[in-house]
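**Student:** What follows is the file model_2.cif, containing mmCIF, C-alpha atoms and all ligand atoms; chains and numbers go by the auth columns:
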data_run
loop_
_atom_site.group_PDB
_atom_site.id
_atom_site.type_symbol
_atom_site.label_atom_id
_atom_site.label_comp_id
_atom_site.label_asym_id
_atom_site.label_seq_id
_atom_site.Cartn_x
_atom_site.Cartn_y
_atom_site.Cartn_z
_atom_site.B_iso_or_equiv
_atom_site.auth_seq_id
_atom_site.auth_asym_id
ATOM 1 C CA MET A 1 28.887 57.333 81.275 0.00 1 A
ATOM 2 C CA LYS A 2 32.181 55.767 82.333 0.00 2 A
ATOM 3 C CA ARG A 3 33.388 52.625 80.582 0.00 3 A
ATOM 4 C CA ILE A 4 32.088 50.094 83.074 0.00 4 A
ATOM 5 C CA MET A 5 32.781 46.386 83.168 0.00 5 A
ATOM 6 C CA PHE A 6 30.119 44.186 84.795 0.00 6 A
ATOM 7 C CA ILE A 7 31.321 41.052 86.612 0.00 7 A
ATOM 8 C CA GLY A 8 29.220 38.464 88.436 0.00 8 A
ATOM 9 C CA LYS A 9 27.902 34.934 88.429 0.00 9 A
ATOM 10 C CA SER A 10 25.756 33.688 85.543 0.00 10 A
ATOM 11 C CA GLY A 11 22.148 34.757 85.971 0.00 11 A
ATOM 12 C CA CYS A 12 22.878 37.442 88.590 0.00 12 A
ATOM 13 C CA GLY A 13 21.374 40.079 86.296 0.00 13 A
ATOM 14 C CA LYS A 14 24.307 41.870 84.618 0.00 14 A
ATOM 15 C CA THR A 15 22.831 42.073 81.108 0.00 15 A
ATOM 16 C CA THR A 16 19.410 43.101 82.425 0.00 16 A
ATOM 17 C CA LEU A 17 21.034 45.753 84.615 0.00 17 A
ATOM 18 C CA ILE A 18 22.897 47.182 81.610 0.00 18 A
ATOM 19 C CA GLN A 19 19.619 47.313 79.658 0.00 19 A
ATOM 20 C CA SER A 20 17.894 49.020 82.569 0.00 20 A
ATOM 21 C CA LEU A 21 20.693 51.569 83.121 0.00 21 A
ATOM 22 C CA GLN A 22 20.754 52.429 79.427 0.00 22 A
ATOM 23 C CA LYS A 23 16.938 52.455 79.201 0.00 23 A
ATOM 24 C CA LEU A 24 16.989 49.750 76.527 0.00 24 A
ATOM 25 C CA PRO A 25 14.181 47.207 76.055 0.00 25 A
ATOM 26 C CA GLN A 26 14.589 44.311 78.498 0.00 26 A
ATOM 27 C CA GLU A 27 15.249 41.198 76.455 0.00 27 A
ATOM 28 C CA TYR A 28 16.745 38.028 77.906 0.00 28 A
ATOM 29 C CA LYS A 29 19.902 37.040 76.091 0.00 29 A
ATOM 30 C CA LYS A 30 22.506 34.699 77.575 0.00 30 A
ATOM 31 C CA THR A 31 25.884 36.413 77.380 0.00 31 A
ATOM 32 C CA GLN A 32 28.198 34.012 75.544 0.00 32 A
ATOM 33 C CA THR A 33 31.292 36.183 75.260 0.00 33 A
ATOM 34 C CA VAL A 34 32.519 39.653 76.226 0.00 34 A
ATOM 35 C CA GLU A 35 30.192 42.208 74.632 0.00 35 A
ATOM 36 C CA THR A 36 30.223 45.984 74.473 0.00 36 A
ATOM 37 C CA VAL A 37 26.825 47.629 74.960 0.00 37 A
ATOM 38 C CA GLY A 38 27.231 51.406 74.667 0.00 38 A
ATOM 39 C CA THR A 39 29.738 52.289 77.393 0.00 39 A
ATOM 40 C CA ALA A 40 29.192 48.985 79.220 0.00 40 A
ATOM 41 C CA ILE A 41 31.361 45.897 78.954 0.00 41 A
ATOM 42 C CA ASP A 42 29.165 42.867 79.606 0.00 42 A
ATOM 43 C CA THR A 43 30.841 39.588 80.557 0.00 43 A
ATOM 44 C CA PRO A 44 29.569 36.004 80.788 0.00 44 A
ATOM 45 C CA GLY A 45 29.141 34.771 84.353 0.00 45 A
ATOM 46 C CA GLU A 46 31.214 31.702 83.541 0.00 46 A
ATOM 47 C CA TYR A 47 34.307 33.900 83.207 0.00 47 A
ATOM 48 C CA MET A 48 34.089 34.537 86.944 0.00 48 A
ATOM 49 C CA GLU A 49 32.910 31.079 87.956 0.00 49 A
ATOM 50 C CA ARG A 50 35.592 29.066 86.168 0.00 50 A
ATOM 51 C CA LYS A 51 39.194 29.480 87.237 0.00 51 A
ATOM 52 C CA ASN A 52 40.567 28.786 83.753 0.00 52 A
ATOM 53 C CA LEU A 53 38.479 31.628 82.277 0.00 53 A
ATOM 54 C CA PHE A 54 39.065 34.192 85.016 0.00 54 A
ATOM 55 C CA PHE A 55 42.205 35.560 83.343 0.00 55 A
ATOM 56 C CA ALA A 56 39.989 36.789 80.458 0.00 56 A
ATOM 57 C CA LEU A 57 38.293 39.168 82.907 0.00 57 A
ATOM 58 C CA THR A 58 41.571 40.665 84.067 0.00 58 A
ATOM 59 C CA VAL A 59 42.700 41.179 80.449 0.00 59 A
ATOM 60 C CA THR A 60 39.364 42.709 79.395 0.00 60 A
ATOM 61 C CA ALA A 61 39.442 44.962 82.457 0.00 61 A
ATOM 62 C CA MET A 62 42.385 46.824 80.961 0.00 62 A
ATOM 63 C CA ASP A 63 39.803 48.605 78.758 0.00 63 A
ATOM 64 C CA ALA A 64 37.562 49.570 81.694 0.00 64 A
ATOM 65 C CA GLU A 65 37.471 52.749 83.794 0.00 65 A
ATOM 66 C CA GLN A 66 35.200 51.231 86.443 0.00 66 A
ATOM 67 C CA ILE A 67 34.389 47.702 87.544 0.00 67 A
ATOM 68 C CA LEU A 68 30.975 46.769 88.925 0.00 68 A
ATOM 69 C CA PHE A 69 30.768 43.543 90.940 0.00 69 A
ATOM 70 C CA VAL A 70 27.176 42.282 90.643 0.00 70 A
ATOM 71 C CA ILE A 71 25.482 39.916 93.080 0.00 71 A
ATOM 72 C CA ASP A 72 21.948 38.502 93.160 0.00 72 A
ATOM 73 C CA CYS A 73 20.415 38.832 96.640 0.00 73 A
ATOM 74 C CA THR A 74 18.250 35.733 96.040 0.00 74 A
ATOM 75 C CA ASP A 75 21.352 33.548 95.608 0.00 75 A
ATOM 76 C CA ASP A 76 22.968 32.415 98.873 0.00 76 A
ATOM 77 C CA MET A 77 26.061 30.925 97.261 0.00 77 A
ATOM 78 C CA THR A 78 29.292 32.857 97.758 0.00 78 A
ATOM 79 C CA THR A 79 30.634 34.084 94.459 0.00 79 A
ATOM 80 C CA PHE A 80 33.216 36.776 95.136 0.00 80 A
ATOM 81 C CA MET A 81 36.573 36.101 96.748 0.00 81 A
ATOM 82 C CA PRO A 82 37.687 38.389 99.577 0.00 82 A
ATOM 83 C CA GLY A 83 39.883 41.156 98.184 0.00 83 A
ATOM 84 C CA MET A 84 38.973 40.343 94.599 0.00 84 A
ATOM 85 C CA ASN A 85 39.250 44.033 93.686 0.00 85 A
ATOM 86 C CA GLY A 86 43.021 43.482 93.859 0.00 86 A
ATOM 87 C CA PHE A 87 42.932 41.773 90.465 0.00 87 A
ATOM 88 C CA PHE A 88 41.824 45.005 88.811 0.00 88 A
ATOM 89 C CA CYS A 89 43.552 48.330 88.281 0.00 89 A
ATOM 90 C CA CYS A 90 40.486 50.602 88.280 0.00 90 A
ATOM 91 C CA PRO A 91 37.923 51.457 90.983 0.00 91 A
ATOM 92 C CA VAL A 92 35.468 48.704 91.958 0.00 92 A
ATOM 93 C CA ALA A 93 31.870 49.358 93.027 0.00 93 A
ATOM 94 C CA GLY A 94 29.123 46.835 93.743 0.00 94 A
ATOM 95 C CA ALA A 95 25.493 46.247 92.842 0.00 95 A
ATOM 96 C CA VAL A 96 23.029 43.983 94.647 0.00 96 A
ATOM 97 C CA THR A 97 20.382 42.957 92.103 0.00 97 A
ATOM 98 C CA LYS A 98 16.835 41.550 92.241 0.00 98 A
ATOM 99 C CA ILE A 99 15.900 43.388 95.424 0.00 99 A
ATOM 100 C CA ASP A 100 12.275 43.120 94.279 0.00 100 A
ATOM 101 C CA CYS A 101 12.564 39.359 94.966 0.00 101 A
ATOM 102 C CA ALA A 102 14.588 39.491 98.203 0.00 102 A
ATOM 103 C CA ALA A 103 13.421 36.903 100.744 0.00 103 A
ATOM 104 C CA SER A 104 14.278 39.312 103.571 0.00 104 A
ATOM 105 C CA ARG A 105 16.132 42.525 104.328 0.00 105 A
ATOM 106 C CA GLN A 106 18.885 40.295 105.728 0.00 106 A
ATOM 107 C CA SER A 107 19.528 38.657 102.352 0.00 107 A
ATOM 108 C CA ILE A 108 20.244 42.105 100.896 0.00 108 A
ATOM 109 C CA GLU A 109 22.545 42.914 103.820 0.00 109 A
ATOM 110 C CA ASN A 110 24.394 39.598 103.328 0.00 110 A
ATOM 111 C CA ALA A 111 24.940 40.399 99.669 0.00 111 A
ATOM 112 C CA LYS A 112 26.214 43.881 100.560 0.00 112 A
ATOM 113 C CA ASP A 113 28.629 42.372 103.090 0.00 113 A
ATOM 114 C CA GLN A 114 29.981 39.978 100.497 0.00 114 A
ATOM 115 C CA LEU A 115 30.574 42.812 98.040 0.00 115 A
ATOM 116 C CA SER A 116 32.263 44.839 100.725 0.00 116 A
ATOM 117 C CA VAL A 117 34.617 41.971 101.652 0.00 117 A
ATOM 118 C CA ALA A 118 35.368 41.510 97.944 0.00 118 A
ATOM 119 C CA GLY A 119 36.609 45.107 97.905 0.00 119 A
ATOM 120 C CA ALA A 120 33.718 47.012 96.349 0.00 120 A
ATOM 121 C CA GLY A 121 33.747 50.643 97.519 0.00 121 A
ATOM 122 C CA LYS A 122 30.351 52.157 96.899 0.00 122 A
ATOM 123 C CA ILE A 123 27.500 49.612 96.903 0.00 123 A
ATOM 124 C CA PHE A 124 24.053 50.032 95.321 0.00 124 A
ATOM 125 C CA CYS A 125 20.902 47.935 95.745 0.00 125 A
ATOM 126 C CA VAL A 126 18.788 47.771 92.614 0.00 126 A
ATOM 127 C CA SER A 127 15.912 46.130 90.830 0.00 127 A
ATOM 128 C CA SER A 128 15.951 46.084 87.048 0.00 128 A
ATOM 129 C CA VAL A 129 12.250 45.151 87.159 0.00 129 A
ATOM 130 C CA THR A 130 10.886 47.980 89.333 0.00 130 A
ATOM 131 C CA GLY A 131 13.722 50.441 88.685 0.00 131 A
ATOM 132 C CA GLU A 132 14.362 50.889 92.418 0.00 132 A
ATOM 133 C CA GLY A 133 17.867 52.207 93.123 0.00 133 A
ATOM 134 C CA MET A 134 18.617 52.680 89.434 0.00 134 A
ATOM 135 C CA ASP A 135 18.842 56.490 89.467 0.00 135 A
ATOM 136 C CA ALA A 136 21.444 56.479 92.244 0.00 136 A
ATOM 137 C CA LEU A 137 23.575 53.904 90.424 0.00 137 A
ATOM 138 C CA ARG A 138 23.192 55.769 87.126 0.00 138 A
ATOM 139 C CA ARG A 139 24.265 59.042 88.763 0.00 139 A
ATOM 140 C CA TYR A 140 27.341 57.365 90.250 0.00 140 A
ATOM 141 C CA LEU A 141 28.333 55.809 86.925 0.00 141 A
ATOM 142 C CA LEU A 142 27.957 59.185 85.191 0.00 142 A
ATOM 143 C CA GLN A 143 30.502 60.801 87.517 0.00 143 A
ATOM 144 C CA PRO A 144 33.955 61.219 86.016 0.00 144 A
ATOM 145 C CA VAL A 145 36.615 58.760 87.236 0.00 145 A
HETATM 146 N N1 LIG B . 12.958 39.866 89.456 0.00 201 A
HETATM 147 C C1 LIG B . 14.084 40.261 88.866 0.00 201 A
HETATM 148 N N2 LIG B . 14.634 39.507 87.892 0.00 201 A
HETATM 149 C C2 LIG B . 15.781 39.937 87.337 0.00 201 A
HETATM 150 C C3 LIG B . 16.410 41.150 87.724 0.00 201 A
HETATM 151 N N3 LIG B . 17.542 41.288 87.013 0.00 201 A
HETATM 152 C C4 LIG B . 17.600 40.220 86.201 0.00 201 A
HETATM 153 N N4 LIG B . 16.549 39.402 86.385 0.00 201 A
HETATM 154 C C5 LIG B . 16.290 38.129 85.678 0.00 201 A
HETATM 155 O O1 LIG B . 17.369 37.236 85.926 0.00 201 A
HETATM 156 C C6 LIG B . 17.621 36.443 84.768 0.00 201 A
HETATM 157 C C7 LIG B . 19.090 36.497 84.414 0.00 201 A
HETATM 158 O O2 LIG B . 19.426 37.816 84.079 0.00 201 A
HETATM 159 P P1 LIG B . 20.646 38.196 83.118 0.00 201 A
HETATM 160 O O3 LIG B . 20.698 39.684 83.076 0.00 201 A
HETATM 161 O O4 LIG B . 20.565 37.486 81.828 0.00 201 A
HETATM 162 O O5 LIG B . 21.879 37.605 83.936 0.00 201 A
HETATM 163 P P2 LIG B . 23.435 37.693 83.563 0.00 201 A
HETATM 164 O O6 LIG B . 24.156 38.043 84.813 0.00 201 A
HETATM 165 O O7 LIG B . 23.627 38.590 82.398 0.00 201 A
HETATM 166 O O8 LIG B . 23.771 36.184 83.173 0.00 201 A
HETATM 167 P P3 LIG B . 24.922 35.631 82.157 0.00 201 A
HETATM 168 O O9 LIG B . 24.726 36.305 80.842 0.00 201 A
HETATM 169 O O10 LIG B . 24.649 34.160 82.099 0.00 201 A
HETATM 170 O O11 LIG B . 26.249 35.916 82.797 0.00 201 A
HETATM 171 C C8 LIG B . 16.700 36.971 83.661 0.00 201 A
HETATM 172 O O12 LIG B . 15.589 36.087 83.560 0.00 201 A
HETATM 173 C C9 LIG B . 16.268 38.322 84.177 0.00 201 A
HETATM 174 O O13 LIG B . 14.987 38.699 83.724 0.00 201 A
HETATM 175 C C10 LIG B . 15.792 41.950 88.757 0.00 201 A
HETATM 176 O O14 LIG B . 16.260 43.012 89.189 0.00 201 A
HETATM 177 N N5 LIG B . 14.636 41.428 89.298 0.00 201 A
HETATM 178 MG MG MG B . 24.427 38.314 80.563 0.00 202 A
#
What is this file in structure tokens?
**Tutor:**
Amino acid sequence: MKRIMFIGKSGCGKTTLIQSLQKLPQEYKKTQTVETVGTAIDTPGEYMERKNLFFALTVTAMDAEQILFVIDCTDDMTTFMPGMNGFFCCPVAGAVTKIDCAASRQSIENAKDQLSVAGAGKIFCVSSVTGEGMDALRRYLLQPV
């Protein structure tokens, strides 16, 4: 699998998604700092939410081959800036998480739109609980850069 860096708000499901993609046991663990899990680079949501920590993401991204912007479809708050892919040198894809809990189809579409405006190319809709959409995302992340 490519060396993928996961970026998104705290609680959006990055760590759980990494566990699901790598078929690891699902255990809740707040991400406190940048962590490597197999080929994944997990980041704390606060690094994206706080301006003074954002630079750490751009530095860490130098080690990545692929960025994945992650957004929770149950969270209406805007998290990604338009054109945010411009901060990174490698390809950016997107994942909409928690589709098993989506209030409506529209909330998933809104999340996809936000990822698209942020500059994510390919976008996947997944649930780490039911596994829906996981095979397609896994296949994409297995493709060479
Ligand atoms: N229903 C449902 N819950 C999910 C899903 N993905 C994650 N969760 C839950 O959302 C909560 C937060 O998930 P995390 O994976 O820890 O979120 P995170 O983005 O890593 O958060 P930080 O480490 O704070 O940046 C946990 O209680 C997960 O069980 C999903 O697809 N569906
Ligand atoms: Mg985490």
**Student:** When you look at range 127-141 of chain A with a cut-off of 9 Å (counting all atoms listed in the file), what residues show up, excluding the ones that are within fewer than 3 positions of it in the same chain? I need them as a list in words.
**Tutor:** Met1, Lys2, Arg3, Ile4, Gly13, Thr16, Leu17, Ile18, Gln19, Ser20, Leu21, Gln22, Gln26, Gln66, Ala95, Val96, Thr97, Lys98, Ile99, Asp100, Cys101, Lys122, Ile123, Phe124, Pro144 and Val145 of chain A
**Student:** Kindly give the distance, in Å, that separates atom C5 of ligand LIG 201 (chain A) and CA of Gln114 in chain A, rounded to a single decimal.
**Tutor:**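 Separation between atom C5 of ligand LIG 201 (chain A) and CA of Gln114 in chain A: 20.3 Å.
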**Student:** Which one is closest to ligand LIG 201 (chain A): A:Val126, A:Val117, A:Ile108, A:Met62? Count only C-alpha atoms and all ligand atoms.
**Tutor:**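 Of all the options, A:Val126 lies closest to ligand LIG 201 (chain A).
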**Student:** Expanded to explicit residues, what is the PyMOL selection byres (((chain A and resi 111) around 8) and not hetatm) for this file, as JSON, numbers by chain?
**Tutor:** {"A": [71, 72, 73, 96, 107, 108, 109, 110, 112, 113, 114, 115]}
**Student:** Hey, can you check how far atom O8 of ligand LIG 201 (chain A) sits from CA of Asp42 in chain A?
**Tutor:** 9.3 Å
**Student:** Report as lines of an AutoDock Vina configuration file the centre and the edge lengths, in Å to one decimal, of the axis-aligned box holding every listed atom of ligand LIG 201 (chain A), padded by 6 Å on each side.
**Tutor:**
center_x = 19.6
center_y = 38.6
center_z = 85.1
size_x = 25.3
size_y = 20.9
size_z = 20.6
**Student:** Between A:Val92, A:Leu142, A:Ile7, A:Ala61, which has the minimum distance to Gly119 in chain A (counting all atoms listed in the file)?
**Tutor:**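 Among A:Val92, A:Leu142, A:Ile7, A:Ala61, it is A:Val92 that comes nearest to Gly119 in chain A.
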**Student:** Do you have the CA of Lys29 in chain A-atom N1 of ligand LIG 201 (chain A) distance handy?
**Tutor:**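 Atom N1 of ligand LIG 201 (chain A) lies 15.3 Å from CA of Lys29 in chain A.
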**Student:** Let me make sure I understand: among A:Pro25, A:Pro91, A:Pro82, A:Gly121, which one has the smallest atom-to-atom distance to ligand LIG 201 (chain A) if we use all atoms listed in the file?
**Tutor:**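 Once distances to ligand LIG 201 (chain A) are computed over all atoms listed in the file, the minimum belongs to A:Pro25.
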**Student:** Since the input is missing atoms for range 53-64 of chain A, could you rebuild it with N, CA and C atoms and give the result as a PDB file, keeping the file's coordinate frame?
**Tutor:**
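For reference, rebuild.pdb as written:
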ATOM      1  N   LEU A  53      38.967  30.533  83.116  1.00  0.00           N
ATOM      2  CA  LEU A  53      38.479  31.628  82.277  1.00  0.00           C
ATOM      3  C   LEU A  53      38.671  32.989  82.959  1.00  0.00           C
ATOM      4  N   PHE A  54      39.009  32.947  84.242  1.00  0.00           N
ATOM      5  CA  PHE A  54      39.065  34.192  85.016  1.00  0.00           C
ATOM      6  C   PHE A  54      40.062  35.195  84.424  1.00  0.00           C
ATOM      7  N   PHE A  55      41.177  34.664  83.879  1.00  0.00           N
ATOM      8  CA  PHE A  55      42.205  35.560  83.343  1.00  0.00           C
ATOM      9  C   PHE A  55      41.618  36.478  82.264  1.00  0.00           C
ATOM     10  N   ALA A  56      40.601  35.979  81.528  1.00  0.00           N
ATOM     11  CA  ALA A  56      39.989  36.789  80.458  1.00  0.00           C
ATOM     12  C   ALA A  56      39.371  38.063  81.045  1.00  0.00           C
ATOM     13  N   LEU A  57      38.872  37.977  82.271  1.00  0.00           N
ATOM     14  CA  LEU A  57      38.293  39.168  82.907  1.00  0.00           C
ATOM     15  C   LEU A  57      39.377  40.199  83.212  1.00  0.00           C
ATOM     16  N   THR A  58      40.512  39.714  83.706  1.00  0.00           N
ATOM     17  CA  THR A  58      41.571  40.665  84.067  1.00  0.00           C
ATOM     18  C   THR A  58      42.148  41.329  82.810  1.00  0.00           C
ATOM     19  N   VAL A  59      42.204  40.589  81.711  1.00  0.00           N
ATOM     20  CA  VAL A  59      42.700  41.179  80.449  1.00  0.00           C
ATOM     21  C   VAL A  59      41.679  42.191  79.930  1.00  0.00           C
ATOM     22  N   THR A  60      40.410  41.809  79.902  1.00  0.00           N
ATOM     23  CA  THR A  60      39.364  42.709  79.395  1.00  0.00           C
ATOM     24  C   THR A  60      39.271  43.972  80.252  1.00  0.00           C
ATOM     25  N   ALA A  61      39.550  43.821  81.532  1.00  0.00           N
ATOM     26  CA  ALA A  61      39.442  44.962  82.457  1.00  0.00           C
ATOM     27  C   ALA A  61      40.424  46.077  82.121  1.00  0.00           C
ATOM     28  N   MET A  62      41.426  45.777  81.337  1.00  0.00           N
ATOM     29  CA  MET A  62      42.385  46.824  80.961  1.00  0.00           C
ATOM     30  C   MET A  62      41.692  47.939  80.162  1.00  0.00           C
ATOM     31  N   ASP A  63      40.561  47.613  79.543  1.00  0.00           N
ATOM     32  CA  ASP A  63      39.803  48.605  78.758  1.00  0.00           C
ATOM     33  C   ASP A  63      38.796  49.377  79.620  1.00  0.00           C
ATOM     34  N   ALA A  64      38.636  48.979  80.867  1.00  0.00           N
ATOM     35  CA  ALA A  64      37.562  49.570  81.694  1.00  0.00           C
ATOM     36  C   ALA A  64      38.072  50.717  82.555  1.00  0.00           C
TER      37      ALA A  64
END
